[in-house]
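Below is one structure, written out as structure tokens; the observations come after it.
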2 protein chains.
Amino acid sequence: MGKTASVSPFAPKSVPRLPAINGVRFATAEAGIRYKGRTDLMVAVLDEGTTAAGVLTQSKTASAPVLWCRKSLKSGTARVLVVNSGNANAFTGQRGRDAVALTAKYAAKAAKCAERAVYIASTGVIGEPLDAEKFAHLLDGLAARAEPDRFEAAARAIMTTDTYPKLVTRKARLGGVDVTLNGFCKGAGMIAPDMATMLCFMFTDAAIPSVVLQSLVAEHAKTTFNCMTVDGDTSTSDTCLLFATGAAAKRGQRSVSRMGPALAEFSQALHDMMRELAIMVAKDGEGLSKFVTFEVGGAKTWAAARKIALACANSPILKTAIAGEDPNWGRVVMAIGKSGEAANRDRLTIWFGEHCVARDGERAAEYVEKTVAGYMKNREITIRIDVGVGKASATVWTCDLTHEYVSINADYRS
Amino acid sequence: MGKTASVSPFAPKSVPRLPAINGVRFATAEAGIRYKGRTDLMVAVLDEGTTAAGVLTQSKTASAPVLWCRKSLKSGTARVLVVNSGNANAFTGQRGRDAVALTAKYAAKAAKCAERAVYIASTGVIGEPLDAEKFAHLLDGLAARAEPDRFEAAARAIMTTDTYPKLVTRKARLGGVDVTLNGFCKGAGMIAPDMATMLCFMFTDAAIPSVVLQSLVAEHAKTTFNCMTVDGDTSTSDTCLLFATGAAAKRGQRSVSRMGPALAEFSQALHDMMRELAIMVAKDGEGLSKFVTFEVGGAKTWAAARKIALACANSPILKTAIAGEDPNWGRVVMAIGKSGEAANRDRLTIWFGEHCVARDGERAAEYVEKTVAGYMKNREITIRIDVGVGKASATVWTCDLTHEYVSINADYRS
């Protein structure tokens with residue numbers, strides 16, 4: 001088996017330092033919601049004029065904070081974001097809604113804004129009542145002492161089983177000036193985003209109306225977070241928000257009122273950032289020893305290619321074989337077959353890295369088990385598939401399934 | 001964690017002895033296809049007049065033997081069944097089809113029948129060419145020495161990672177006489193039947209036309225094998241066949257030409273047998289420590305209830321919690337939510353055994369973690385769910401996800 005470790009082998013040697021973004025300030029606290037000796041509460045204060053957009057879980061058992069954000073997003077504006085880790089406030093009934101209402105009330109007071117400009121996210125155990133009294137009184141002080149240069153601290157405060165904070169920064173030219181995009185997110189289990197990832201927060205100083213921002217986030221979520229999975233288990237709390245403070249307008253950024261070429265560079269930078277954050281989540285999947293990319297081509301549609309890639313990425317028996325460094329491409333064939341999407345069995349071609357293992361529906365003539373077994377010892381594995389029925393393609397990122405995943409999840413609550 | 005063992009804790013103390021069925025004879029051999037020192041080839045010879053019915057995998061990468069059986073089933077008759085373990089002959093291209101053709105030719109000669117009366121099934125590694133030359137020459141001798149009283153030997157010859165043979169017998173009154181139904185099947189990984197299970201063979205001396213037999217098998221597969229999963233991974237080789245030799249007609253069985261009340265008892269016995277065989281597969285799921293039943297009620301349709309139950313049964317994060325004896329019902333909420341089926345979050349009720357853990361969308365007032373944690377120490381866990389939107393219900397059987405599953409599948413081929 002590949003080695004697993006208490007820290008992901010893909011943890012960066014050093015955490016990137018994100019530049020400040022005009023109009024955003026952070027503060028964190030140890031509220032003792034569940035964890036001891038670490039931060040578990042994060043507040044982001046946003047300047048007046050900040051626009052907001054986001055995508056939220058499609059789960060039928062969505063958490064109380066998700067329902068709250070869905071309403072706030074309708075306003076298109078944002079002034080404060082409150083996130084806690086250790087408790088998801090999901091499936092907590094009226095008490096859960098009360099906890100959200102209390103948090104919103106205190107947050108609005110702290111940021112001196114309307115409650116509809118408050119965004120809330122919670123991550124952690126499902127079904128345990130969240131006692132917002134424990135931390136609501138802290139919000140006022142946190143808002144007062146929030147500082148711009150605190151992205152890493154903010155990213156650390158929202159972690160659960162993550163082994164490293166996940167931060168990305170990008171620059172883009174927009175409306176005649178340079179703007180910054182910063183984002184951070186968390187994993188690390190119960191990850192199969194269905195419109196967004198577990199929790200992801202992104203900030204920019206660009207001035208972009210919320211309706212345009214919404215189009216951008218929704219479009220890019222499809223090919224980034226929604227193409228990443230750790231265990232196929234969609235969270236009740238998936239939340240991916242983008243806040244645009246508009247500070248760049250003061251530096252002369254021309255206004256951008258609709259989707260179009262003026263947004264091309266910004267859109268590309270946003271896509272890159274979301275893609276990198278999504279990959280970071282897969283690279284910190286619970287208990288992983290390997291990062292795995294499935295590239296499916298030759299499909300009829302992008303949706304079909306994605307579904308086939310996800311069938312591979314969510315197959316326990318295939319993920320376990322990868323953990324065992326076994327080039328068991330028969331299990332790739334199985335996963336393609338079970339996806340239900342069109343594939344021409346007799347034209348299927350499969351590569352492990354550069355090694356073609358199967359061509360036109362049977363084992364490739366040049367296949368040498370020993371060579372491909374050698375490839376499987378790599379930390380990063382790419383499996384390419386051509387299903388032979390069309391021209392569409394999709395890429396999905398995931399990790400392997402190890403003993404460590406079982407250990408982490410067998411006693412998550414104890 | 002619950003203890004796992006090299007033999008399933010649900011392995012029966014003794015294998016049931018199945019009575020002979022007039023018109024069926026078995027023989028087995030050690031053909032050395034992959035395994036050493038155990039049988040891996042099984043032949044069932046069926047008397048003239050035997051009718052056949054069956055359901056096969058819906059996988060888009062179905063194996064060569066599955067495609068062969070699909071054609072043979074059109075004839076509605078059967079004279080010989082050949083099954084090998086150790087190699088699935090799936091994704092083997094032209095060579096795979098040639099291997100099936102060669103097997104069919106030799107089997108037809110051995111049983112002195114048309115090739116269309118031959119049924120073939122293979123189970124084991126996917127993608128390795130199957131050398132039928134290795135065993136085709138054995139078929140003649142096997143057919144000649146086949147004996148009626150060899151059900152256990154037949155069931156053992158088709159095992160792969162199964163830790164015990166799975167055999168069930170039932171009696172039913174039909175057309176004025178008693179008839180016998182015998183069946184056996186195998187698991188134990190890559191199990192999420194999509195129309196049938198991995199491999200299941202059933203025999204009866206009843207005289208029933210193949211068209212009626214087909215209706216019975218298809219109907220009962222839905223609520224038995226198709227409601228059972230080990231790991232959510234649908235095999236390329238799912239094959240479930242029922243053969244009726246018609247020997248009971250000689251004892252005076254009145255003919256049964258269509259579905260109706262005359263078949264009621266036989267239909268019930270067949271359903272019971274298929275259900276018990278399906279449960280046996282889940283009880284021998286790879287590496288399991290616990291057998292788990294999900295009973296979903298209050299759904300809009302049976303299909304919705306089944307989908308919700310399967311979402312629970314296939315959730316790695318929930319199955320791992322069960323292995324850890326953690327009553328983590330929040331993960332049940334997650335799985336219901338991700339299923340995409342209608343559920344009223346605020347009327348959801350969940351029981352672990354007799355213990356109500358959640359009622360009307362939040363933790364039940366009477367919930368005591370310690371009590372439910374005690375319940376989780378049982379070998380057999382039943383989780384009941386009421387989704388609060390309708391009156392339909394469904395039951396799905398599965399097992400937990402353990403370290404042993406990872407170990408078994410990380411080096412299955414090595």
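In the structure tokens, each chain is lettered A, B, ... as it comes, each chain's residues begin at 1, and ligands are numbered from 1 in order of appearance.
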
Q. Counting only C-alpha atoms, which residues from chain B have an atom at most 6 Å from any atom of chain A, and could you show them as a PyMOL selection string?
A. chain B and resi 59-61+91-93+126-127+234+236+320-321+324+330+334+337-338+345+361-362+403+406+409-411

Store the residues of this selection in a file with N, CA and C atoms, as a short mmCIF file (atom, residue, chain, number, x, y, z; two decimals), in the first residue's frame.
```
data_model
loop_
_atom_site.label_atom_id
_atom_site.label_comp_id
_atom_site.auth_asym_id
_atom_site.auth_seq_id
_atom_site.Cartn_x
_atom_site.Cartn_y
_atom_site.Cartn_z
N SER B 59 -24.77 -3.34 -16.84
CA SER B 59 -23.50 -2.65 -17.09
C SER B 59 -23.28 -2.44 -18.58
N LYS B 60 -22.71 -1.25 -18.91
CA LYS B 60 -22.39 -0.95 -20.31
C LYS B 60 -21.11 -1.66 -20.73
N THR B 61 -20.43 -2.28 -19.79
CA THR B 61 -19.23 -3.04 -20.12
C THR B 61 -19.42 -4.50 -19.72
N PHE B 91 -14.18 -7.63 -20.72
CA PHE B 91 -13.28 -6.69 -21.36
C PHE B 91 -12.09 -7.43 -21.95
N THR B 92 -12.41 -8.49 -22.67
CA THR B 92 -11.38 -9.32 -23.26
C THR B 92 -11.54 -9.38 -24.78
N GLY B 93 -12.41 -8.51 -25.31
CA GLY B 93 -12.51 -8.33 -26.75
C GLY B 93 -12.82 -9.61 -27.51
N ILE B 126 -11.10 -8.97 -14.01
CA ILE B 126 -11.56 -8.38 -15.26
C ILE B 126 -10.34 -8.04 -16.12
N GLY B 127 -10.46 -8.28 -17.43
CA GLY B 127 -9.45 -7.78 -18.35
C GLY B 127 -8.33 -8.75 -18.69
N THR B 234 -21.14 -1.94 -9.35
CA THR B 234 -21.86 -2.92 -10.14
C THR B 234 -20.92 -3.74 -11.01
N THR B 236 -19.46 -6.37 -13.91
CA THR B 236 -19.64 -6.60 -15.35
C THR B 236 -20.27 -7.95 -15.61
N THR B 320 -18.43 3.44 7.38
CA THR B 320 -17.24 3.43 8.22
C THR B 320 -17.60 3.76 9.66
N ALA B 321 -18.53 4.69 9.85
CA ALA B 321 -19.00 5.01 11.21
C ALA B 321 -19.62 3.77 11.85
N GLY B 324 -17.14 1.55 13.07
CA GLY B 324 -16.58 2.11 14.29
C GLY B 324 -17.55 2.10 15.46
N GLY B 330 -26.11 11.60 12.05
CA GLY B 330 -25.97 12.77 11.18
C GLY B 330 -25.58 12.34 9.76
N MET B 334 -27.21 13.05 6.08
CA MET B 334 -26.44 13.42 4.88
C MET B 334 -26.83 12.55 3.70
N GLY B 337 -30.13 13.24 2.24
CA GLY B 337 -30.08 14.51 1.52
C GLY B 337 -29.43 14.38 0.16
N LYS B 338 -28.37 13.57 0.07
CA LYS B 338 -27.66 13.49 -1.20
C LYS B 338 -28.37 12.61 -2.22
N ARG B 345 -37.30 17.38 5.41
CA ARG B 345 -36.24 17.49 6.42
C ARG B 345 -36.82 17.68 7.81
N GLY B 361 -37.12 16.21 12.37
CA GLY B 361 -36.08 17.12 11.91
C GLY B 361 -35.04 17.52 12.92
N GLU B 362 -35.01 16.90 14.08
CA GLU B 362 -33.91 17.17 15.01
C GLU B 362 -33.71 16.00 15.96
N HIS B 403 -11.38 -1.81 7.65
CA HIS B 403 -9.98 -1.93 7.24
C HIS B 403 -9.77 -3.15 6.35
N VAL B 406 -10.40 -2.69 2.72
CA VAL B 406 -9.28 -2.02 2.07
C VAL B 406 -8.15 -3.02 1.82
N ASN B 409 -8.97 -5.46 -1.06
CA ASN B 409 -9.02 -4.91 -2.40
C ASN B 409 -7.77 -4.15 -2.81
N ALA B 410 -6.89 -3.91 -1.85
CA ALA B 410 -5.63 -3.26 -2.21
C ALA B 410 -4.68 -4.26 -2.84
N ASP B 411 -4.89 -5.54 -2.57
CA ASP B 411 -3.98 -6.49 -3.21
C ASP B 411 -4.71 -7.74 -3.67
#
```

Q) Taking the backbone alone, and naming residues the way the document does, which bits of region 147-389 of chain B are helix (DSSP H, G or I) by DSSP, as number ranges by chain? A) B: 151-157, 210-223, 225-227, 247-251, 261-282, 302-313, 316-323, 330-338, 345-347, 369-375

Q) Using only C-alpha atoms, which residues sit within 8 Å of Leu41 (chain B) once same-chain residues fewer than 3 positions away are excluded, as JSON, numbers by chain? A) {"B": [28, 29, 30, 31, 82, 83, 84, 85, 157, 158]}

Q | Polymer residues at most 12 Å from Lys283 (chain B), only C-alpha atoms, same-chain spacing of 2 or more positions, as a ChimeraX atom specification | A | /B:7-12,162-166,186-189,191,228-230,276-281,285-293,379-381,397-400

For C-alpha atoms, I'd like the residues from the last selection saved as a PDB file, in the first residue's frame.
```
ATOM      1  CA  VAL B   7     -14.195 -15.711   7.769  1.00  0.00           C
ATOM      2  CA  SER B   8     -17.413 -13.697   7.910  1.00  0.00           C
ATOM      3  CA  PRO B   9     -18.942 -13.666  11.408  1.00  0.00           C
ATOM      4  CA  PHE B  10     -22.185 -14.559   9.660  1.00  0.00           C
ATOM      5  CA  ALA B  11     -20.817 -17.757   8.136  1.00  0.00           C
ATOM      6  CA  PRO B  12     -23.304 -20.522   9.004  1.00  0.00           C
ATOM      7  CA  ASP B 162     -16.555 -15.398  -0.535  1.00  0.00           C
ATOM      8  CA  THR B 163     -15.781 -16.898   2.847  1.00  0.00           C
ATOM      9  CA  TYR B 164     -18.616 -19.442   2.765  1.00  0.00           C
ATOM     10  CA  PRO B 165     -20.836 -21.092   0.139  1.00  0.00           C
ATOM     11  CA  LYS B 166     -24.364 -19.657  -0.086  1.00  0.00           C
ATOM     12  CA  LYS B 186     -21.643 -15.894  -4.693  1.00  0.00           C
ATOM     13  CA  GLY B 187     -20.427 -12.396  -3.656  1.00  0.00           C
ATOM     14  CA  ALA B 188     -18.418 -10.795  -2.154  1.00  0.00           C
ATOM     15  CA  GLY B 189     -17.043  -7.496  -3.538  1.00  0.00           C
ATOM     16  CA  ILE B 191     -21.554  -5.937  -5.455  1.00  0.00           C
ATOM     17  CA  MET B 228     -28.576  -5.399  -1.749  1.00  0.00           C
ATOM     18  CA  THR B 229     -25.157  -3.786  -1.998  1.00  0.00           C
ATOM     19  CA  VAL B 230     -21.680  -4.339  -0.596  1.00  0.00           C
ATOM     20  CA  GLU B 276     -32.261 -15.125   1.609  1.00  0.00           C
ATOM     21  CA  LEU B 277     -29.534 -15.561  -1.005  1.00  0.00           C
ATOM     22  CA  ALA B 278     -29.229 -11.768  -1.376  1.00  0.00           C
ATOM     23  CA  ILE B 279     -28.912 -11.373   2.394  1.00  0.00           C
ATOM     24  CA  MET B 280     -26.256 -14.095   2.438  1.00  0.00           C
ATOM     25  CA  VAL B 281     -24.196 -12.091  -0.050  1.00  0.00           C
ATOM     26  CA  GLY B 285     -19.442  -8.660   2.026  1.00  0.00           C
ATOM     27  CA  GLU B 286     -15.699  -8.222   1.761  1.00  0.00           C
ATOM     28  CA  GLY B 287     -14.137  -7.555   5.123  1.00  0.00           C
ATOM     29  CA  LEU B 288     -17.424  -6.882   6.895  1.00  0.00           C
ATOM     30  CA  SER B 289     -17.840  -6.807  10.650  1.00  0.00           C
ATOM     31  CA  LYS B 290     -21.561  -5.981  10.668  1.00  0.00           C
ATOM     32  CA  PHE B 291     -24.666  -6.723   8.615  1.00  0.00           C
ATOM     33  CA  VAL B 292     -26.829  -3.641   8.147  1.00  0.00           C
ATOM     34  CA  THR B 293     -30.470  -3.271   7.099  1.00  0.00           C
ATOM     35  CA  ARG B 379     -23.448  -7.742  14.832  1.00  0.00           C
ATOM     36  CA  GLU B 380     -26.705  -6.904  13.035  1.00  0.00           C
ATOM     37  CA  ILE B 381     -27.780  -3.283  12.832  1.00  0.00           C
ATOM     38  CA  TRP B 397     -29.283  -4.905   2.926  1.00  0.00           C
ATOM     39  CA  THR B 398     -25.595  -4.157   3.163  1.00  0.00           C
ATOM     40  CA  CYS B 399     -22.542  -4.429   5.398  1.00  0.00           C
ATOM     41  CA  ASP B 400     -20.087  -2.020   6.978  1.00  0.00           C
TER      42      ASP B 400
END
```

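Between Asn226 (chain B) and the residues B:Ala107, B:Ala121, B:Lys377, B:Met274, the shortest atom-to-atom distance, using only C-alpha atoms, involves B:Met274.
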
Q: Give me every strand (DSSP E or B) residue in region 185-393 of chain A, going by DSSP on the backbone, as a ChimeraX atom specification.
A: /A:185-186,199-204,228,239-244,291-299,349-352,355-359,362-363,380-386,392-393

Q | Selection near Asn182 (chain A), 12 Å with only C-alpha atoms, sequence-local residues under 4 positions removed, as a PyMOL selection string | A | chain A and resi 16-22+24+148-152+154-155+166-172+200-206+241-245+269-270+272-274+276-277

Suppose we keep N, CA and C atoms; can you now write the selection as a short mmCIF file (atom, residue, chain, number, x, y, z; two decimals), in the first residue's frame?
```cif
data_model
loop_
_atom_site.label_atom_id
_atom_site.label_comp_id
_atom_site.auth_asym_id
_atom_site.auth_seq_id
_atom_site.Cartn_x
_atom_site.Cartn_y
_atom_site.Cartn_z
N PRO A 16 1.01 29.64 1.28
CA PRO A 16 1.21 30.88 0.52
C PRO A 16 0.67 32.08 1.31
N ARG A 17 1.39 33.19 1.21
CA ARG A 17 0.95 34.39 1.91
C ARG A 17 0.09 35.21 0.95
N LEU A 18 -1.17 35.40 1.31
CA LEU A 18 -2.08 36.11 0.42
C LEU A 18 -2.01 37.61 0.69
N PRO A 19 -2.01 38.42 -0.38
CA PRO A 19 -2.00 39.87 -0.19
C PRO A 19 -3.33 40.33 0.39
N ALA A 20 -3.31 41.46 1.07
CA ALA A 20 -4.55 42.03 1.59
C ALA A 20 -5.44 42.43 0.41
N ILE A 21 -6.72 42.43 0.64
CA ILE A 21 -7.67 42.91 -0.37
C ILE A 21 -8.43 44.06 0.24
N ASN A 22 -8.38 45.18 -0.43
CA ASN A 22 -9.07 46.37 0.08
C ASN A 22 -10.55 46.10 0.31
N VAL A 24 -11.75 44.09 2.86
CA VAL A 24 -11.99 42.84 3.61
C VAL A 24 -11.08 42.79 4.82
N PRO A 148 -6.88 43.25 7.72
CA PRO A 148 -6.88 42.78 6.33
C PRO A 148 -5.96 41.58 6.09
N ASP A 149 -4.85 41.52 6.81
CA ASP A 149 -3.78 40.58 6.46
C ASP A 149 -3.90 39.27 7.23
N ARG A 150 -5.11 38.69 7.26
CA ARG A 150 -5.30 37.54 8.13
C ARG A 150 -5.93 36.34 7.40
N PHE A 151 -5.57 36.21 6.12
CA PHE A 151 -6.16 35.11 5.35
C PHE A 151 -5.81 33.73 5.91
N GLU A 152 -4.55 33.53 6.26
CA GLU A 152 -4.16 32.20 6.75
C GLU A 152 -4.89 31.85 8.04
N ALA A 154 -7.74 32.94 8.98
CA ALA A 154 -9.14 32.67 8.64
C ALA A 154 -9.29 31.26 8.07
N ALA A 155 -8.37 30.87 7.20
CA ALA A 155 -8.43 29.53 6.59
C ALA A 155 -8.24 28.44 7.63
N LYS A 166 -5.97 25.74 3.02
CA LYS A 166 -5.99 25.76 1.56
C LYS A 166 -6.25 27.17 1.07
N LEU A 167 -5.22 27.82 0.56
CA LEU A 167 -5.31 29.22 0.15
C LEU A 167 -4.76 29.40 -1.25
N VAL A 168 -5.41 30.24 -2.04
CA VAL A 168 -4.94 30.53 -3.40
C VAL A 168 -5.13 32.01 -3.68
N THR A 169 -4.19 32.61 -4.41
CA THR A 169 -4.36 34.00 -4.83
C THR A 169 -4.08 34.13 -6.32
N ARG A 170 -4.79 35.04 -6.97
CA ARG A 170 -4.62 35.29 -8.40
C ARG A 170 -4.74 36.80 -8.64
N LYS A 171 -4.14 37.24 -9.76
CA LYS A 171 -4.31 38.62 -10.20
C LYS A 171 -5.00 38.59 -11.57
N ALA A 172 -5.74 39.63 -11.88
CA ALA A 172 -6.31 39.72 -13.22
C ALA A 172 -6.46 41.19 -13.59
N CYS A 200 -16.11 27.22 0.92
CA CYS A 200 -15.10 27.94 0.17
C CYS A 200 -15.49 29.42 0.16
N PHE A 201 -14.53 30.26 0.52
CA PHE A 201 -14.81 31.70 0.55
C PHE A 201 -13.78 32.41 -0.31
N MET A 202 -14.27 33.27 -1.19
CA MET A 202 -13.39 33.97 -2.11
C MET A 202 -13.69 35.46 -2.04
N PHE A 203 -12.64 36.24 -2.24
CA PHE A 203 -12.74 37.68 -2.08
C PHE A 203 -12.01 38.36 -3.22
N THR A 204 -12.53 39.47 -3.68
CA THR A 204 -11.82 40.27 -4.68
C THR A 204 -12.14 41.74 -4.44
N ASP A 205 -11.20 42.56 -4.86
CA ASP A 205 -11.47 43.99 -4.75
C ASP A 205 -12.13 44.52 -6.02
N ALA A 206 -12.41 43.63 -6.97
CA ALA A 206 -13.05 44.06 -8.21
C ALA A 206 -14.44 44.62 -7.92
N LEU A 241 -18.81 30.89 -1.62
CA LEU A 241 -19.23 32.30 -1.75
C LEU A 241 -18.09 33.15 -2.30
N LEU A 242 -18.46 34.10 -3.12
CA LEU A 242 -17.49 35.07 -3.66
C LEU A 242 -17.98 36.48 -3.33
N PHE A 243 -17.09 37.24 -2.70
CA PHE A 243 -17.43 38.61 -2.33
C PHE A 243 -16.55 39.58 -3.10
N ALA A 244 -17.16 40.59 -3.70
CA ALA A 244 -16.42 41.59 -4.46
C ALA A 244 -16.61 42.95 -3.77
N THR A 245 -15.53 43.45 -3.17
CA THR A 245 -15.68 44.68 -2.36
C THR A 245 -15.84 45.93 -3.22
N ALA A 269 -9.04 33.89 -14.29
CA ALA A 269 -8.34 33.86 -13.00
C ALA A 269 -9.22 33.22 -11.93
N LEU A 270 -10.50 33.54 -11.96
CA LEU A 270 -11.44 32.95 -11.00
C LEU A 270 -11.51 31.44 -11.20
N ASP A 272 -9.25 29.49 -12.53
CA ASP A 272 -7.97 28.91 -12.08
C ASP A 272 -7.94 28.76 -10.57
N MET A 273 -8.40 29.80 -9.89
CA MET A 273 -8.37 29.78 -8.43
C MET A 273 -9.29 28.69 -7.90
N MET A 274 -10.49 28.61 -8.46
CA MET A 274 -11.46 27.61 -7.99
C MET A 274 -10.95 26.20 -8.29
N GLU A 276 -7.81 25.29 -8.53
CA GLU A 276 -6.70 24.97 -7.63
C GLU A 276 -7.20 24.67 -6.22
N LEU A 277 -8.19 25.41 -5.78
CA LEU A 277 -8.76 25.14 -4.45
C LEU A 277 -9.41 23.75 -4.42
#
```

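You will find CA of Arg70 (chain B) at 28.5 Å from CA of Thr395 (chain B).
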
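For the set A:Val66, A:Val389, A:Ala373, A:Ile208, the residue with the smallest atom-to-atom gap to Gly298 (chain A) is A:Val389, counting only C-alpha atoms.
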
Q. Got a sec: who's within 6 Å of region 73-76 of chain B, counting only C-alpha atoms, leaving out chain neighbours fewer than 3 positions off, as JSON, numbers by chain?
A. {"B": [51, 52, 69, 70, 210]}
